[in-house]
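Student: Take a look at this one; I'll ask things after.
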Amino acid sequence: MKQFVHLVKPRDIEHGGIASAEIKRELREWGASAADARRAGIIAFEGEMNLIVYADHGGTIQVTLSREWIEILIADDGPGIGDIDLAMTPGYSTAPAWATNLGFGAGMGLPNMQRSSDEFEMHSHVGQGTLIRCRIERRGHDAARTGQAP
């Protein structure tokens with residue numbers, strides 16, 4: 001099993017996408033199939049952008065790779081989400097003007113994360129932050145075929 005963590009700074013829009021690109025690359029280097037790494041990259045990118053736009057202090061993206069699955073945990077101690085069902089509605093957004101002016105905040109981040117996951121769960125408390133867990137069941141199992149055990 002392999003595990004790594006990326007720190008994401010708040011409001012650091014210039015570096016948005018770097019952590020998710022590194023995650024995708026690292027997964028491929030460790031034997032994840034292109035399709036599984038792509039799904040993980042989508043989840044990581046959406047989570048990364050949410051940390052940049054919404055989390056007061058940024059947050060972390062933790063990735064764990066096993067032979068059977070890839071798990072991505074996105075955590076912050078930001079403002080939290082008061083209504084998770086509403087936040088999961090495609091097109092719903094509370095993005096600040098600075099983010100929407102740059103083309104972010106379309107309200108598709110959480111739905112895209114859920115759609116790219118085999119398992120998706122989110123826990124959030126107003127004033128305490130948010131934890132999102134996404135799991136991808138590895139379909140390619142490139143590591144098993146190439147003998148590169150994670």
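Chain labels follow the order of the structure tokens: the first chain is A, the next B, and so on; residue numbering restarts at 1 in every chain, and ligands are counted from 1 in their shown order.
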Find the residues near Cys134 (chain A): any atom within 7 Å, counting only C-alpha atoms, skip ones fewer than 4 places away on the same chain, and give them as a list in words.

Tutor: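 The neighbour list is Glu71, Ile72, Leu73, Ser117, Glu119, Phe120 and Glu121 of chain A.
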
Student: Save the residues we just selected, C-alpha atoms, as a short mmCIF file (atom, residue, chain, number, x, y, z; two decimals), in the first residue's frame?

Tutor:
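Saved the output as again30.cif:
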```cif
data_model
loop_
_atom_site.label_atom_id
_atom_site.label_comp_id
_atom_site.auth_asym_id
_atom_site.auth_seq_id
_atom_site.Cartn_x
_atom_site.Cartn_y
_atom_site.Cartn_z
CA GLU A 71 -8.89 6.30 -1.82
CA ILE A 72 -8.82 10.08 -1.79
CA LEU A 73 -9.50 12.06 1.39
CA SER A 117 -16.14 7.73 -7.48
CA GLU A 119 -17.91 5.30 -3.16
CA PHE A 120 -18.46 8.90 -2.09
CA GLU A 121 -19.15 10.35 1.33
#
```

Student: With distances taken over only C-alpha atoms, which of A:Glu14, A:Glu46, A:Glu26, A:Asp36 is nearest to Gly105 (chain A)?

Tutor: A:Glu46

Student: Could you tell me how far CA of Leu51 (chain A) lies from CA of Gln128 (chain A), in Å and to one decimal?

Tutor: 14.0 Å

Student: List the spatial neighbours of Pro111 (chain A) as a list of chain:residue names - criterion: any atom at most 12 Å away, only C-alpha atoms, same-chain residues fewer than 5 positions off excluded.

Tutor: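 Once the adjacent positions are removed, what remains is A:Ile42, A:Ile43, A:Glu46, A:Gly47, A:Ile84, A:Asp85, A:Leu86, A:Ala87, A:Met88, A:Thr89, A:Pro90, A:Gly91, A:Tyr92, A:Ser93, A:Ala106, A:Ser116, A:Ser117, A:Phe120, A:Glu121, A:Met122, A:Cys134.
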
Student: So that I have them on file, write out the residues from the current selection with N, CA and C atoms, as an mmCIF file, in the first residue's frame.

Tutor:
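Listing of selection_33.cif after writing:
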```cif
data_model
loop_
_atom_site.group_PDB
_atom_site.id
_atom_site.type_symbol
_atom_site.label_atom_id
_atom_site.label_comp_id
_atom_site.auth_asym_id
_atom_site.auth_seq_id
_atom_site.Cartn_x
_atom_site.Cartn_y
_atom_site.Cartn_z
ATOM 1 N N ILE A 42 -9.602 13.638 -11.706
ATOM 2 C CA ILE A 42 -10.814 14.466 -11.708
ATOM 3 C C ILE A 42 -11.238 14.774 -10.276
ATOM 4 N N ILE A 43 -11.283 13.737 -9.455
ATOM 5 C CA ILE A 43 -11.666 13.920 -8.048
ATOM 6 C C ILE A 43 -10.708 14.888 -7.359
ATOM 7 N N GLU A 46 -11.127 18.625 -8.618
ATOM 8 C CA GLU A 46 -12.316 19.278 -8.071
ATOM 9 C C GLU A 46 -12.136 19.578 -6.588
ATOM 10 N N GLY A 47 -11.563 18.630 -5.856
ATOM 11 C CA GLY A 47 -11.300 18.852 -4.435
ATOM 12 C C GLY A 47 -10.276 19.947 -4.205
ATOM 13 N N ILE A 84 -25.712 19.898 2.796
ATOM 14 C CA ILE A 84 -24.974 19.024 1.879
ATOM 15 C C ILE A 84 -25.820 18.658 0.662
ATOM 16 N N ASP A 85 -27.095 18.371 0.855
ATOM 17 C CA ASP A 85 -27.949 18.031 -0.284
ATOM 18 C C ASP A 85 -27.994 19.169 -1.301
ATOM 19 N N LEU A 86 -28.128 20.393 -0.826
ATOM 20 C CA LEU A 86 -28.139 21.545 -1.718
ATOM 21 C C LEU A 86 -26.789 21.703 -2.407
ATOM 22 N N ALA A 87 -25.710 21.527 -1.663
ATOM 23 C CA ALA A 87 -24.360 21.647 -2.231
ATOM 24 C C ALA A 87 -24.104 20.602 -3.313
ATOM 25 N N MET A 88 -24.773 19.460 -3.233
ATOM 26 C CA MET A 88 -24.603 18.396 -4.223
ATOM 27 C C MET A 88 -25.469 18.618 -5.470
ATOM 28 N N THR A 89 -26.304 19.635 -5.478
ATOM 29 C CA THR A 89 -27.163 19.933 -6.625
ATOM 30 C C THR A 89 -26.321 20.511 -7.763
ATOM 31 N N PRO A 90 -26.315 19.871 -8.931
ATOM 32 C CA PRO A 90 -25.543 20.409 -10.056
ATOM 33 C C PRO A 90 -25.932 21.858 -10.357
ATOM 34 N N GLY A 91 -24.928 22.708 -10.448
ATOM 35 C CA GLY A 91 -25.147 24.120 -10.742
ATOM 36 C C GLY A 91 -25.247 25.014 -9.523
ATOM 37 N N TYR A 92 -25.419 24.425 -8.337
ATOM 38 C CA TYR A 92 -25.499 25.243 -7.123
ATOM 39 C C TYR A 92 -24.083 25.645 -6.705
ATOM 40 N N SER A 93 -23.895 26.920 -6.411
ATOM 41 C CA SER A 93 -22.572 27.405 -6.029
ATOM 42 C C SER A 93 -22.679 28.560 -5.063
ATOM 43 N N ALA A 106 -18.767 26.917 -10.892
ATOM 44 C CA ALA A 106 -19.951 26.581 -11.698
ATOM 45 C C ALA A 106 -20.901 25.630 -10.976
ATOM 46 N N SER A 116 -17.292 10.468 -10.398
ATOM 47 C CA SER A 116 -16.018 9.816 -10.690
ATOM 48 C C SER A 116 -15.642 8.765 -9.652
ATOM 49 N N SER A 117 -16.428 8.643 -8.595
ATOM 50 C CA SER A 117 -16.143 7.729 -7.483
ATOM 51 C C SER A 117 -17.040 6.501 -7.521
ATOM 52 N N PHE A 120 -18.609 7.480 -2.372
ATOM 53 C CA PHE A 120 -18.459 8.904 -2.086
ATOM 54 C C PHE A 120 -19.182 9.203 -0.785
ATOM 55 N N GLU A 121 -18.482 9.872 0.115
ATOM 56 C CA GLU A 121 -19.153 10.346 1.327
ATOM 57 C C GLU A 121 -18.561 11.671 1.744
ATOM 58 N N MET A 122 -19.425 12.504 2.300
ATOM 59 C CA MET A 122 -19.001 13.822 2.729
ATOM 60 C C MET A 122 -19.576 14.098 4.109
ATOM 61 N N CYS A 134 -13.487 9.670 -1.172
ATOM 62 C CA CYS A 134 -13.834 9.087 -2.464
ATOM 63 C C CYS A 134 -13.000 7.822 -2.649
#
```

Student: As a PyMOL selection string, please: the residues near Leu27 (chain A) (cut-off 12 Å, only C-alpha atoms, same-chain neighbours under 3 positions excluded).

Tutor: chain A and resi 1-4+20-24+30-41+44+63-67+69-72+138+141-143+148+150

Student: For the atom pair CA of Leu7 (chain A) and CA of Asn50 (chain A), what is the interatomic distance in Å to one decimal place?

Tutor: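 That distance, rounded to one decimal, is 12.9 Å.
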
Student: What is the CA of Gly80 (chain A) to CA of Ile136 (chain A) distance in Å?

Tutor: 24.6 Å

Student: Identify which of the residues A:Glu29, A:Thr94, A:Thr100, A:Val8 lies closest to His57 (chain A), counting only C-alpha atoms when measuring atom-to-atom distances.

Tutor: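 Smallest separation from His57 (chain A) among the options: A:Val8.
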
Student: Nearest to Gln62 (chain A): which of A:His6, A:Glu137, A:Leu131, A:Gln114 is it, counting only C-alpha atoms?

Tutor: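 Looking at the shortest contact to Gln62 (chain A), the residue is A:His6.
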
Student: Using only C-alpha atoms, can you tell me which of A:Ile13, A:Ile81, A:Ala75, A:Ile132 comes closest to Met113 (chain A)?

Tutor: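 Nearest candidate to Met113 (chain A) out of A:Ile13, A:Ile81, A:Ala75, A:Ile132: A:Ile132.
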
Student: Using DSSP assignments from the backbone, pull out every residue in region 21-132 of chain A that falls under helix (DSSP H, G or I) and give it to me as a VMD selection string.

Tutor: chain A and resid 21 to 29 34 to 54 84 to 87 97 to 100 109 to 115

Student: Looking at A:Pro96, A:Gly16, A:Arg139, A:Ile74, which one is nearest to Met49 (chain A), with distances taken over only C-alpha atoms?

Tutor: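 The answer is A:Gly16, which sits nearest to Met49 (chain A).
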
Student: Have a look at A:Arg25, A:Ala95, A:Ser124, A:Ile52 and name the one nearest to Pro79 (chain A); count only C-alpha atoms.

Tutor: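 Counting only C-alpha atoms, the residue closest to Pro79 (chain A) is A:Ser124.
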